[in-house]
Structures are given as structure tokens and as C-alpha cells.
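**Q** One structure, as C-alpha cells, below. Some questions next.
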Amino acid sequence: TEDITSSPIERAEAMSREERENLEDREDIVVVAVDGSPASQTAVRWAANTAMKRGIPLRLAASYTMPQFLYAEGMVPPKELFEDLQAETLEKIEAARAEAHKVAPELKIGHTVAEGSPIDMLLEMSQDVTMIVMGSRGMGGLSGMVMGSVSASVVSHASCPVVVVREDNHVTDSTKYGPVVVGVDGSEVSQKATAYAFREAQARGAALIAVHTW
């Protein structure tokens with residue numbers, strides 16, 4: 001194993017013209033998935049801090065689905081049930097907004113509430129935003145490396161960088177800005193990951209560690 005550590009980054013690694021154009025087409029905003037769980041609240045705090053450091057807004061994203069087992073195919077659920085689901089989801093949004101403002105009181109925060117699959121919602125949003133942040137319940141040991149179905153699907157298919165924040169992470173105020181670690185193997189996708197790691201390290205004023213194994 002070879003471990004190469006850089007000093008705090010002075011500039012981001014050069015990007016291709018296609019990558020620069022792709023970034024310019026995106027809305028400069030951090031999106032965080034909200035579901036009311038402790039893991040989600042941890043992700044909200046991480047996302048709020050990241051948006052504050054970048055000087056860009058935060059968007060809270062939540063979805064709701066109609067419980068299919070309550071209604072047979074072809075039946076139309078009452079309007080009151082939709083209203084209750086929307087109200088419950090908005091309560092989660094407001095709780096997340098309060099949590100984010102604890103971290104960054106001046107941060108501009110918007111929200112999106114959608115009916116349907118959270119995977120579909122986040123994948124659609126990933127086409128136009130800077131970053132998506134999601135929570136993950138840490139389980140310890142090897143099992144802790146296994147993400148939930150929503151996180152795994154979004155990580156695999158999103159069109160923008162996705163950050164999965166473990167609920168049981170040990171990040172403190174003294175360690176939250178680095179270092180940034182990136183695995184490198186010389187492939188095209190590794191080069192893109194490295195360029196992104198440079199930009200993240202620059203945004204945080206942190207060191208960058210490149211890890212390569214053979």
C-alpha cells in the first residue's frame with residue numbers, strides 16, 4: 001500500500017471542457033434526503049455544514065407513498081389521507097430545517113416534497129444539482145459496509161456526486177474538515193473521482209490523501 005499526502009489544496013485539478021460545461025449547467029446547491037430518522041438528521045447536519053462552507057443553498061428533499069396494502073387496485077384513497085401524508089412529511093422537513101440552522105443559522109434552505117419513490121425523486125434531482133447527501137445507519141463490522149436499498153440505488157445511478165453519511169460516524173468539530181481520501185487506480189472513473197476529491201479538499205481547506213494498492 002502506498003499512501004501519498006498532499007498539502008492543503010491551492011487549486012483544483014484541471015477538468016476537461018465537457019466536465020466544465022456539465023458543471024456549469026447544474027444548479028449550485030446541496031440536496032439532502034430527509035426521512036425523519038436519526039441517520040437522516042446526521043446527514044442534514046453534514047449537508048448544512050458543507051453548503052455553508054461552499055457558500056451555496058441547501059435543499060431538503062422528502063417523499064411519501066400511499067400504503068398499497070390499504071387499498072385494492074383501482075380504489076382511490078380519500079383526499080384526507082394524502083393531506084395527512086403531506087402534513088407528516090412537511091413536519092419532517094421543518095424538523096430538518098431547524099437542525100440545519102443549528103449548524104448554519106444564515107444558510108438559505110429550500111425544500112422539495114414529492115409523492116412516490118424516494119429513489120426516483122433523488123435520481124431526477126441528481127441531474128441538476130451539485131451534490132446529494134444521504135444518511136445511512138451504521139451497523140458495525142463488515143455489515144456496516146452494506147447500504148440500504150435507497151442509498152445503494154442512488155449511489156449506483158445518480159448523475160452527480162453522492163455522499164452517504166453514517167449515523168455512527170465519529171466526526172467532531174476538530175476533524176470535520178479533513179483529510180479527504182480518494183482511491184486511485186488510473187482508470188477514467190478514478191480520474192474523475194480524483195478531480196472531485198481535489199475540489200472537495202479545496203472547499204474545506206483540507207489535505208488530500210491518495211491511496212493506491214497493488
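How things are named: the first chain in the C-alpha cells is A, the next is B, and so on; residues count from 1 in each chain; ligands count from 1 in the order shown.
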Hey, what's within 10 Å of Ser149 in chain A if we count only C-alpha atoms and toss same-chain stuff fewer than 5 positions away? As a CSV table (one decimal) with N, CA and C atoms, in the first residue's frame, please?

**A**
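That gives us part.csv:
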chain,number,residue,atom,x,y,z
A,119,ILE,N,-36.2,7.1,-4.4
A,119,ILE,CA,-35.1,6.8,-5.4
A,119,ILE,C,-35.4,7.6,-6.7
A,154,VAL,N,-29.3,5.0,-5.4
A,154,VAL,CA,-28.9,6.4,-5.8
A,154,VAL,C,-27.4,6.5,-6.1
A,155,VAL,N,-26.6,5.9,-5.2
A,155,VAL,CA,-25.2,5.9,-5.5
A,155,VAL,C,-24.8,5.3,-6.8

**Q** What's the 12 Å shell around Ala51 in chain A, counting only C-alpha atoms, without same-chain residues fewer than 2 positions away, as a ChimeraX atom specification?

**A** /A:28-32,44-49,53-60,100-101,103-109,130-133,200,203-204

**Q** Please produce a file of those selected residues containing C-alpha atoms, as an mmCIF file, in the first residue's frame.

**A**
data_model
loop_
_atom_site.group_PDB
_atom_site.id
_atom_site.type_symbol
_atom_site.label_atom_id
_atom_site.label_comp_id
_atom_site.auth_asym_id
_atom_site.auth_seq_id
_atom_site.Cartn_x
_atom_site.Cartn_y
_atom_site.Cartn_z
ATOM 1 C CA ASP A 28 -25.076 25.118 -7.400
ATOM 2 C CA ILE A 29 -26.923 23.587 -4.453
ATOM 3 C CA VAL A 30 -26.573 20.713 -1.984
ATOM 4 C CA VAL A 31 -29.553 18.358 -1.666
ATOM 5 C CA VAL A 32 -30.066 16.190 1.415
ATOM 6 C CA VAL A 44 -28.722 17.054 7.410
ATOM 7 C CA ARG A 45 -26.060 18.436 9.748
ATOM 8 C CA TRP A 46 -23.266 17.273 7.415
ATOM 9 C CA ALA A 47 -25.002 18.749 4.370
ATOM 10 C CA ALA A 48 -25.699 22.067 6.116
ATOM 11 C CA ASN A 49 -22.044 22.415 7.064
ATOM 12 C CA LYS A 53 -18.525 26.131 3.560
ATOM 13 C CA ARG A 54 -19.281 26.393 -0.155
ATOM 14 C CA GLY A 55 -21.499 29.454 0.253
ATOM 15 C CA ILE A 56 -24.411 27.793 -1.567
ATOM 16 C CA PRO A 57 -28.007 26.933 -0.570
ATOM 17 C CA LEU A 58 -29.292 23.664 0.898
ATOM 18 C CA ARG A 59 -32.405 21.861 -0.306
ATOM 19 C CA LEU A 60 -34.235 19.375 1.901
ATOM 20 C CA ALA A 100 -29.651 22.590 9.690
ATOM 21 C CA HIS A 101 -29.998 26.095 11.098
ATOM 22 C CA VAL A 103 -25.241 24.280 12.204
ATOM 23 C CA ALA A 104 -25.565 27.231 9.838
ATOM 24 C CA PRO A 105 -28.017 29.897 11.097
ATOM 25 C CA GLU A 106 -27.695 32.098 7.989
ATOM 26 C CA LEU A 107 -27.958 29.274 5.452
ATOM 27 C CA LYS A 108 -30.584 29.583 2.708
ATOM 28 C CA ILE A 109 -32.739 26.451 2.845
ATOM 29 C CA THR A 130 -24.098 19.820 -7.196
ATOM 30 C CA MET A 131 -24.344 17.004 -4.658
ATOM 31 C CA ILE A 132 -26.804 14.657 -2.965
ATOM 32 C CA VAL A 133 -26.312 13.725 0.697
ATOM 33 C CA GLU A 200 -13.733 18.960 -2.105
ATOM 34 C CA ALA A 203 -13.583 23.777 -0.484
ATOM 35 C CA ARG A 204 -12.708 22.543 3.010
#

**Q** Quick one: everything within 7 Å of Asp128 in chain A, counting only C-alpha atoms, minus sequence neighbours fewer than 3 positions away in the same chain. Send it as a VMD selection string.

**A** chain A and resid 26 to 27 125

**Q** Include all heavy atoms and write out the residues we just selected as a JSON list (two decimals), in the first residue's frame.

**A**
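The new file again-v1.json reads:
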[["chain", "number", "residue", "atom", "x", "y", "z"],
["A", 26, "ARG", "N", -25.42, 22.85, -14.04],
["A", 26, "ARG", "CA", -26.07, 22.42, -12.80],
["A", 26, "ARG", "C", -26.37, 23.61, -11.90],
["A", 26, "ARG", "O", -25.70, 24.62, -11.92],
["A", 26, "ARG", "CB", -25.18, 21.42, -12.06],
["A", 26, "ARG", "CG", -24.98, 20.11, -12.78],
["A", 26, "ARG", "CD", -24.10, 19.18, -11.98],
["A", 26, "ARG", "NE", -23.94, 17.91, -12.68],
["A", 26, "ARG", "CZ", -24.80, 16.89, -12.59],
["A", 26, "ARG", "NH1", -25.85, 17.02, -11.80],
["A", 26, "ARG", "NH2", -24.60, 15.78, -13.25],
["A", 27, "GLU", "N", -27.41, 23.43, -11.08],
["A", 27, "GLU", "CA", -27.72, 24.41, -10.04],
["A", 27, "GLU", "C", -26.76, 24.19, -8.89],
["A", 27, "GLU", "O", -26.60, 23.06, -8.41],
["A", 27, "GLU", "CB", -29.16, 24.24, -9.58],
["A", 27, "GLU", "CG", -29.60, 25.26, -8.57],
["A", 27, "GLU", "CD", -31.05, 25.06, -8.14],
["A", 27, "GLU", "OE1", -31.66, 24.06, -8.57],
["A", 27, "GLU", "OE2", -31.55, 25.90, -7.39],
["A", 125, "MET", "N", -33.45, 14.60, -9.37],
["A", 125, "MET", "CA", -32.80, 15.80, -8.87],
["A", 125, "MET", "C", -31.30, 15.76, -9.15],
["A", 125, "MET", "O", -30.68, 16.81, -9.36],
["A", 125, "MET", "CB", -33.04, 15.94, -7.37],
["A", 125, "MET", "CG", -34.49, 16.18, -7.00],
["A", 125, "MET", "SD", -34.76, 16.29, -5.21],
["A", 125, "MET", "CE", -34.13, 17.95, -4.92]]

**Q** Can you list, as a ChimeraX atom specification, every protein, DNA or RNA residue that comes within 9 Å of range 185-189 of chain A when you count only C-alpha atoms, leaving out same-chain residues fewer than 6 positions away?

**A** /A:211-213

**Q** Could those residues be written to a file, using all heavy atoms, as a PDB file, in the first residue's frame?

**A**
ATOM      1  N   VAL A 211      -4.824   7.100  -2.185  1.00  0.00           N
ATOM      2  CA  VAL A 211      -4.490   5.731  -1.787  1.00  0.00           C
ATOM      3  C   VAL A 211      -4.502   4.827  -3.008  1.00  0.00           C
ATOM      4  O   VAL A 211      -5.479   4.810  -3.764  1.00  0.00           O
ATOM      5  CB  VAL A 211      -5.476   5.199  -0.732  1.00  0.00           C
ATOM      6  CG1 VAL A 211      -5.132   3.767  -0.352  1.00  0.00           C
ATOM      7  CG2 VAL A 211      -5.486   6.090   0.497  1.00  0.00           C
ATOM      8  N   HIS A 212      -3.401   4.096  -3.210  1.00  0.00           N
ATOM      9  CA  HIS A 212      -3.300   3.131  -4.310  1.00  0.00           C
ATOM     10  C   HIS A 212      -2.745   1.821  -3.762  1.00  0.00           C
ATOM     11  O   HIS A 212      -1.806   1.825  -2.958  1.00  0.00           O
ATOM     12  CB  HIS A 212      -2.379   3.688  -5.407  1.00  0.00           C
ATOM     13  CG  HIS A 212      -2.142   2.720  -6.534  1.00  0.00           C
ATOM     14  ND1 HIS A 212      -3.134   2.379  -7.408  1.00  0.00           N
ATOM     15  CD2 HIS A 212      -1.034   2.022  -6.891  1.00  0.00           C
ATOM     16  CE1 HIS A 212      -2.632   1.504  -8.284  1.00  0.00           C
ATOM     17  NE2 HIS A 212      -1.371   1.293  -7.990  1.00  0.00           N
ATOM     18  N   THR A 213      -3.328   0.719  -4.172  1.00  0.00           N
ATOM     19  CA  THR A 213      -2.863  -0.604  -3.720  1.00  0.00           C
ATOM     20  C   THR A 213      -2.473  -1.456  -4.921  1.00  0.00           C
ATOM     21  O   THR A 213      -2.951  -1.240  -6.037  1.00  0.00           O
ATOM     22  CB  THR A 213      -3.922  -1.327  -2.898  1.00  0.00           C
ATOM     23  OG1 THR A 213      -5.077  -1.571  -3.730  1.00  0.00           O
ATOM     24  CG2 THR A 213      -4.329  -0.503  -1.675  1.00  0.00           C
TER      25      THR A 213
END

**Q** Any chance you could list, as a PDB file with N, CA and C atoms, in the first residue's frame, the residues in range 129-193 of chain A that come up strand (DSSP E or B) when DSSP is run on the backbone?

**A**
ATOM      1  N   VAL A 129     -28.157  19.143  -9.838  1.00  0.00           N
ATOM      2  CA  VAL A 129     -27.621  19.731  -8.607  1.00  0.00           C
ATOM      3  C   VAL A 129     -26.148  19.367  -8.424  1.00  0.00           C
ATOM      4  N   THR A 130     -25.524  20.011  -7.448  1.00  0.00           N
ATOM      5  CA  THR A 130     -24.098  19.820  -7.196  1.00  0.00           C
ATOM      6  C   THR A 130     -23.799  18.505  -6.493  1.00  0.00           C
ATOM      7  N   MET A 131     -24.638  18.145  -5.518  1.00  0.00           N
ATOM      8  CA  MET A 131     -24.344  17.004  -4.658  1.00  0.00           C
ATOM      9  C   MET A 131     -25.622  16.531  -3.982  1.00  0.00           C
ATOM     10  N   ILE A 132     -25.722  15.222  -3.762  1.00  0.00           N
ATOM     11  CA  ILE A 132     -26.804  14.657  -2.965  1.00  0.00           C
ATOM     12  C   ILE A 132     -26.198  14.014  -1.736  1.00  0.00           C
ATOM     13  N   VAL A 133     -26.789  14.279  -0.569  1.00  0.00           N
ATOM     14  CA  VAL A 133     -26.312  13.725   0.697  1.00  0.00           C
ATOM     15  C   VAL A 133     -27.416  12.852   1.280  1.00  0.00           C
ATOM     16  N   MET A 134     -27.032  11.668   1.759  1.00  0.00           N
ATOM     17  CA  MET A 134     -27.991  10.735   2.338  1.00  0.00           C
ATOM     18  C   MET A 134     -27.440  10.167   3.633  1.00  0.00           C
ATOM     19  N   GLY A 135     -28.319   9.760   4.518  1.00  0.00           N
ATOM     20  CA  GLY A 135     -27.909   9.122   5.755  1.00  0.00           C
ATOM     21  C   GLY A 135     -27.884   7.616   5.613  1.00  0.00           C
ATOM     22  N   SER A 136     -27.110   6.968   6.468  1.00  0.00           N
ATOM     23  CA  SER A 136     -27.040   5.506   6.475  1.00  0.00           C
ATOM     24  C   SER A 136     -26.838   5.049   7.907  1.00  0.00           C
ATOM     25  N   VAL A 162     -22.585  11.638  -4.868  1.00  0.00           N
ATOM     26  CA  VAL A 162     -23.476  11.288  -3.760  1.00  0.00           C
ATOM     27  C   VAL A 162     -22.630  11.015  -2.528  1.00  0.00           C
ATOM     28  N   VAL A 163     -22.992  11.612  -1.405  1.00  0.00           N
ATOM     29  CA  VAL A 163     -22.302  11.382  -0.139  1.00  0.00           C
ATOM     30  C   VAL A 163     -23.240  10.614   0.783  1.00  0.00           C
ATOM     31  N   VAL A 164     -22.774   9.486   1.316  1.00  0.00           N
ATOM     32  CA  VAL A 164     -23.543   8.709   2.290  1.00  0.00           C
ATOM     33  C   VAL A 164     -22.885   8.902   3.652  1.00  0.00           C
ATOM     34  N   VAL A 165     -23.619   9.504   4.583  1.00  0.00           N
ATOM     35  CA  VAL A 165     -23.093   9.838   5.911  1.00  0.00           C
ATOM     36  C   VAL A 165     -23.585   8.794   6.908  1.00  0.00           C
ATOM     37  N   ARG A 166     -22.658   8.111   7.538  1.00  0.00           N
ATOM     38  CA  ARG A 166     -23.030   7.095   8.521  1.00  0.00           C
ATOM     39  C   ARG A 166     -23.533   7.751   9.809  1.00  0.00           C
ATOM     40  N   VAL A 180      -9.390  14.599   3.086  1.00  0.00           N
ATOM     41  CA  VAL A 180     -10.197  13.936   2.068  1.00  0.00           C
ATOM     42  C   VAL A 180      -9.362  12.790   1.510  1.00  0.00           C
ATOM     43  N   VAL A 181      -9.949  11.596   1.417  1.00  0.00           N
ATOM     44  CA  VAL A 181      -9.229  10.404   0.947  1.00  0.00           C
ATOM     45  C   VAL A 181      -9.856   9.931  -0.361  1.00  0.00           C
ATOM     46  N   VAL A 182      -9.031   9.651  -1.362  1.00  0.00           N
ATOM     47  CA  VAL A 182      -9.519   9.162  -2.645  1.00  0.00           C
ATOM     48  C   VAL A 182      -8.697   7.948  -3.068  1.00  0.00           C
ATOM     49  N   GLY A 183      -9.361   6.914  -3.540  1.00  0.00           N
ATOM     50  CA  GLY A 183      -8.683   5.747  -4.090  1.00  0.00           C
ATOM     51  C   GLY A 183      -8.374   5.960  -5.566  1.00  0.00           C
TER      52      GLY A 183
END

**Q** In Å, rounded to a single decimal, give me how far CA of Met52 in chain A is from CA of Ser126 in chain A.

**A**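 According to the coordinates, CA of Ser126 in chain A and CA of Met52 in chain A are separated by 19.8 Å.
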
**Q** As a PyMOL selection string, please: all residues of range 41-146 of chain A that backbone DSSP puts in alpha helix (DSSP H).

**A** chain A and resi 41-54+79-103+118-125

**Q** Figure out the distance between CA of Ala39 in chain A and CA of Ala95 in chain A, please, to one decimal in Å.

**A** 13.4 Å

**Q** Counting only C-alpha atoms, figure out which residue out of A:Val150, A:Ala206, A:Ala33, A:Ala114 gets nearest to Ala61 in chain A.

**A**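 Closest residue, counting only C-alpha atoms: A:Ala33.
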
**Q** Write out as an NGL selection string each polymer residue whose atoms come within 10 Å of Leu81 in chain A, counting only C-alpha atoms; drop sequence neighbours fewer than 5 positions from it.

**A** :A and (66 or 86-87)

**Q** Of the residues A:Asp35, A:Asn169, A:Pro118, A:Glu124, which is the one nearest to Glu88 in chain A, using only C-alpha atoms?

**A**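 Of all the options, A:Asp35 lies closest to Glu88 in chain A.
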
**Q** At what distance in Å, to one decimal, does CA of Thr50 in chain A lie from CA of Ile93 in chain A?

**A**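 If I compute the distance from CA of Ile93 in chain A to CA of Thr50 in chain A, I get 18.4 Å.
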
**Q** Which polymer residues have any atom within 12 Å of an atom of Glu115 in chain A, counting only C-alpha atoms, with same-chain residues fewer than 4 positions away left out, as a PyMOL selection string?

**A** chain A and resi 61-67+82-83+85-86+89+119-121
